[in-house]
Amino acid sequence: MPFLQLKGVNKGFGSGSGRMEILRDINLQMEKGEFVAIVGYSGAGKTTLISMIAGLSRPDSGSVTLNDLEITEPGPDRGIVFQNYSLLPWLTVYENIYLAVDQVFPNWAPAKKQQHTETYIAMVSLTPARDKRPSELSGGMRQRVSVARALSMNPQILLLDEPLGALDALTRATLQEEINRIWQQDKKTVILITNDVDEGILLADRIIPLSAGPSATLGPSIMVDIPRPRDRRAINHDPRYKEIRREVIDYLLGAGGRPKTAVTRKLMLPDIEPEDLSVPRNVLSPRRSPIRRSEIKKETVELGS
Amino acid sequence: MKNGFKLDWLVLPMIGVVAVLVLWMITSSTISKELPSPGKTWESSKPYLQQPFEKRGEMDQGILRFTWYSLVLVAKGYAIALILGTPLGFMLGLSKVFTKAFDPIIQVLRPVSPLAWLPLGMVLFAGAKSGVSEMAALFTIAVCSMWPTVLNTAVGVRAVPQDFLNVAKVLKLSRTKTLFKVLIPATMPYMFTGFRLSLGIAWLVIVAAEMLTGRPGIGGFLWQEYNALVYEHIILCILTIGIVGFILDRLMSVVEKRFKVA
């Protein structure tokens with residue numbers, strides 16, 4: 001029995017003819033301790049997918065189960081790291097994490113809660129910044145707080161929604177190392193949503209491409225059987241790395257790529273033609289004025305891939 | 001650089017003050033002979049300014065003593081306005097049903113003048129044995145100054161980012177905890193903008209309230225001196241009301257800034 005299972009999940013927004021299908025027939029099975037990366041276009045519905053696993057929204061049809069229990073609402077057993085950090089700006093680093101610890105482990109003695117909080121601050125190496133507010137931290141530091149908050153709840157599964165999307169390339173690399181290190185420590189079940197294929201290969205056991213929306217669906221799983229620990233520099237020369245990379249990109253650009261669409265739309269051009277200044281104005285000829293052109297032009301526009 | 005700075009905050013405002021004084025002087029000596037000149041106003045106001053806490057009679061007291069009476073009354077009315085207005089704002093912000101039910105009536109009551117509310121206050125508390133005029137004044141201040149707090153709080157609650165609410169949902173914070181840990185801190189800046197606007201209105205209303213009830217205070221003094229034909233004191237009162245209002249607004253904006261950390 002798989003640990004996390006999505007079966008025939010469909011999700012759309014709007015209703016009637018204005019309905020927009022975002023995700024279609026999503027099937028996913030994950031074992032405990034697995035690290036899966038879902039790679040796809042931005043706007044394809046990756047965040048919609050993760051918010052259904054988080055329980056922030058419900059699928060229109062199909063089921064999402066964790067440990068054979070249907071997910072109906074959000075809960076601390078699924079730790080989420082949002083793309084935009086979602087730290088409470090009026091609380092310090094310590095208070096942000098303590099709020100989560102206090103909420104998830106209400107029966108612990110205060111000293112234990114404090115110590116637990118400190119442990120996780122130390123885990124993301126933010127002890128010097130523990131009394132700072134999010135506005136005083138850099139993007140990378142904020143994201144580390146967010147990771148520490150998610151981990152401190154001791155969740156069964158960690159959901160990372162493009163956690164490094166808003167960071168610059170160098171900070172991104174450092175944090176990837178950090179996520180790698182933390183995952184090696186406690187082997188949590190992790191779903192990583194990303195648009196960066198390399199990031200997926202570096203971190204995950206398995207990569208699943210998500211096809212372009214609308215009606216995005218998951219492509220075939222691609223196992224990342226490169227031994228750990230993976231070194232960013234060495235991996236570049238690994239033939240298996242290149243193979244996986246090609247496979248993922250082939251899917252995203254080929255079968256799962258954006259469909260070409262032709263759209264016919266009416267173009268209403270301004271109903272005036274420019275006046276001809278070379279015609280001299282005299283008393284006999286009619287007034288020199290713009291010419292009306294009462295017609296609607298129809299044009300076909302090809303929207304490229 | 002330093003010169004330009006001084007010009008900005010010292011010399012230019014001085015020019016403005018002098019221009020108004022000159023205009024006042026010209027007006028009092030040409031068009032309106034009844035209007036006391038600046039010099040005469042100063043002469044006549046001296047005893048009230050030099051002994052600001054003197055009490056010579058019920059309606060003949062130092063200017064700061066009058067101001068103090070007014071401030072106490074405003075503070076009470078303002079407190080009532082905040083205590084009622086803030087929760088009302090939260091309810092409007094949180095519940096669509098509540099908004100649909102009460103927003104129209106709020107929009108209708110909001111523009112009503114304090115002069116219109118005061119008689120109603122008198123009627124409302126007519127049964128009370130004592131302090132009818134005070135209760136009517138408090139009622140008027142509270143009812144008039146409540147609206148900016150109510151509306152700003154409601155807007156603030158509606159503007160709380162979904163991210164923060166998602167955090168509350170994922171952590172499964174209880175309703176009270178969500179309110180105190182997420183909603184109230186996130187709404188704080190909006191609330192304080194409302195508080196500041198409310199204070200401005202509360203201070204505006206005081207004059208009207210005191211005029212109609214004849215209570216000792218800066219507004220009551222103004223009206224009494226008008227009836228007593230001591231026009232110099234009207235100007236003294238106007239200036240005092242303006243300066244006090246200005247100081248209150250500054251103080252409030254300092255407090256407001258402190259809560260804008262987020």
# chains A, B, ... in the order shown; residues from 1 in each chain; ligands from 1
$ interface_residues --of "chain A" --to "chain B" --cutoff "9 Å" --atoms "only C-alpha atoms" --output "ChimeraX atom specification"
/A:54-56,73-80,82,84-90,99-100,103-104,135,153
$ residues_around --residues "range 107-110 of chain B" --least-positions-apart "2" --cutoff "9 Å" --atoms "only C-alpha atoms" --output "JSON, numbers by chain"
{"B": [102, 103, 104, 105, 112, 113, 143, 144, 146, 147]}
$ write_last_selection --atoms "C-alpha atoms" --output "PDB file, in the first residue's frame"
ATOM      1  CA  PHE B 102     -25.340  46.430   8.281  1.00  0.00           C
ATOM      2  CA  ASP B 103     -23.283  48.205   5.660  1.00  0.00           C
ATOM      3  CA  PRO B 104     -26.229  50.190   4.211  1.00  0.00           C
ATOM      4  CA  ILE B 105     -27.305  51.513   7.603  1.00  0.00           C
ATOM      5  CA  VAL B 112     -24.910  62.663   9.951  1.00  0.00           C
ATOM      6  CA  SER B 113     -23.585  65.795  11.659  1.00  0.00           C
ATOM      7  CA  VAL B 143     -21.301  57.897  17.371  1.00  0.00           C
ATOM      8  CA  CYS B 144     -19.582  60.462  15.161  1.00  0.00           C
ATOM      9  CA  MET B 146     -16.606  55.614  15.384  1.00  0.00           C
ATOM     10  CA  TRP B 147     -16.947  55.279  11.604  1.00  0.00           C
TER      11      TRP B 147
END
$ select_by_dssp --residues "range 104-143 of chain A" --states "helix (DSSP H, G or I)" --output "list in words"
Val104, Pro110, Ala111, Lys112, Lys113, Gln114, Gln115, His116, Thr117, Glu118, Thr119, Tyr120, Ile121, Ala122, Met123, Thr127, Pro128, Ala129, Pro134, Ser135, Glu136, Gly139, Gly140, Met141, Arg142 and Gln143 of chain A
$ atom_distance --atom1 "CA of Glu178 in chain A" --atom2 "CA of Lys113 in chain A"
23.7 Å
$ residues_around --residues "range 29-45 of chain A" --least-positions-apart "6" --cutoff "7 Å" --atoms "only C-alpha atoms" --output "compact mmCIF listing (two decimals) with N, CA and C atoms, in the first residue's frame"
# COMPACT_ATOMS: atom_id res chain seq x y z
N PRO A 2 0.69 2.13 -0.97
CA PRO A 2 1.54 3.32 -1.02
C PRO A 2 1.23 4.28 0.13
N PHE A 3 2.20 5.09 0.46
CA PHE A 3 2.09 6.02 1.58
C PHE A 3 1.17 7.18 1.20
N LEU A 4 1.52 7.81 0.07
CA LEU A 4 0.66 8.88 -0.45
C LEU A 4 0.12 8.43 -1.79
N GLN A 5 -1.16 8.59 -1.98
CA GLN A 5 -1.74 8.14 -3.24
C GLN A 5 -2.73 9.18 -3.78
N LEU A 6 -2.54 9.54 -5.05
CA LEU A 6 -3.51 10.38 -5.75
C LEU A 6 -4.11 9.52 -6.84
N ILE A 22 -7.76 22.53 -14.96
CA ILE A 22 -6.36 22.76 -14.66
C ILE A 22 -5.60 21.44 -14.68
N LEU A 23 -6.09 20.51 -13.87
CA LEU A 23 -5.42 19.22 -13.76
C LEU A 23 -6.38 18.11 -14.19
N LYS A 187 15.54 11.61 6.34
CA LYS A 187 14.85 10.79 5.32
C LYS A 187 13.34 10.95 5.34
N LYS A 188 12.89 12.18 5.35
CA LYS A 188 11.46 12.44 5.28
C LYS A 188 10.93 12.13 3.87
N THR A 189 9.63 11.91 3.80
CA THR A 189 9.00 11.82 2.49
C THR A 189 8.84 13.27 1.99
N VAL A 190 9.32 13.53 0.77
CA VAL A 190 9.30 14.91 0.30
C VAL A 190 8.72 14.97 -1.10
N ILE A 191 7.86 15.95 -1.33
CA ILE A 191 7.47 16.28 -2.70
C ILE A 191 8.02 17.66 -3.00
N LEU A 192 8.81 17.75 -4.03
CA LEU A 192 9.38 19.04 -4.41
C LEU A 192 8.75 19.46 -5.73
N ILE A 193 8.18 20.65 -5.72
CA ILE A 193 7.62 21.20 -6.96
C ILE A 193 8.65 22.18 -7.49
N THR A 194 9.00 22.08 -8.74
CA THR A 194 10.02 22.99 -9.25
C THR A 194 9.87 23.14 -10.75
N ASN A 195 10.51 24.19 -11.30
CA ASN A 195 10.55 24.31 -12.75
C ASN A 195 11.98 24.13 -13.25
N ASP A 196 12.83 23.68 -12.34
CA ASP A 196 14.25 23.55 -12.65
C ASP A 196 14.61 22.06 -12.68
N VAL A 197 14.86 21.54 -13.87
CA VAL A 197 15.13 20.11 -14.03
C VAL A 197 16.37 19.70 -13.24
N GLY A 200 15.76 19.17 -9.63
CA GLY A 200 15.08 17.89 -9.42
C GLY A 200 16.07 16.74 -9.43
N ALA A 204 16.23 14.67 -6.04
CA ALA A 204 15.14 13.70 -5.91
C ALA A 204 15.56 12.27 -6.23
N ASP A 205 14.70 11.32 -5.79
CA ASP A 205 14.84 9.92 -6.18
C ASP A 205 14.14 9.67 -7.50
N ARG A 206 13.15 10.48 -7.76
CA ARG A 206 12.29 10.22 -8.89
C ARG A 206 11.78 11.57 -9.40
N ILE A 207 11.77 11.72 -10.73
CA ILE A 207 11.26 12.97 -11.30
C ILE A 207 10.01 12.66 -12.10
N ILE A 208 8.97 13.44 -11.90
CA ILE A 208 7.76 13.27 -12.69
C ILE A 208 7.47 14.58 -13.39
N PRO A 209 7.49 14.59 -14.72
CA PRO A 209 7.16 15.83 -15.41
C PRO A 209 5.66 16.06 -15.42
N LEU A 210 5.27 17.33 -15.31
CA LEU A 210 3.86 17.70 -15.41
C LEU A 210 3.69 18.42 -16.75
N SER A 211 2.76 17.93 -17.57
CA SER A 211 2.62 18.51 -18.90
C SER A 211 2.06 19.92 -18.81
N ALA A 212 2.16 20.65 -19.91
CA ALA A 212 1.71 22.03 -19.89
C ALA A 212 0.19 22.09 -19.80
N GLY A 213 -0.31 23.12 -19.10
CA GLY A 213 -1.75 23.29 -18.96
C GLY A 213 -2.32 23.95 -20.20
N PRO A 214 -3.61 24.11 -20.33
CA PRO A 214 -4.61 23.59 -19.39
C PRO A 214 -4.77 22.07 -19.50
N ALA A 216 -3.42 19.84 -17.43
CA ALA A 216 -2.11 19.23 -17.24
C ALA A 216 -2.26 17.87 -16.59
$ residues_around --residues "range 63-77 of chain B" --least-positions-apart "4" --cutoff "7 Å" --atoms "only C-alpha atoms" --output "list of chain:residue names"
B:Tyr48, B:Leu49, B:Pro52, B:Phe53, B:Ala81, B:Leu138, B:Phe139, B:Ile141, B:Ala142, B:Ala202, B:Trp203, B:Ile206, B:Pro216, B:Gly217, B:Ile218
$ select_by_dssp --residues "range 128-187 of chain A" --states "strand (DSSP E or B)" --output "number ranges by chain"
A: 157-161
$ residues_around --residues "Phe192 in chain B" --least-positions-apart "2" --cutoff "12 Å" --atoms "only C-alpha atoms" --output "number ranges by chain"
B: 82, 86, 148-153, 156, 184-190, 194-199, 249, 251-260
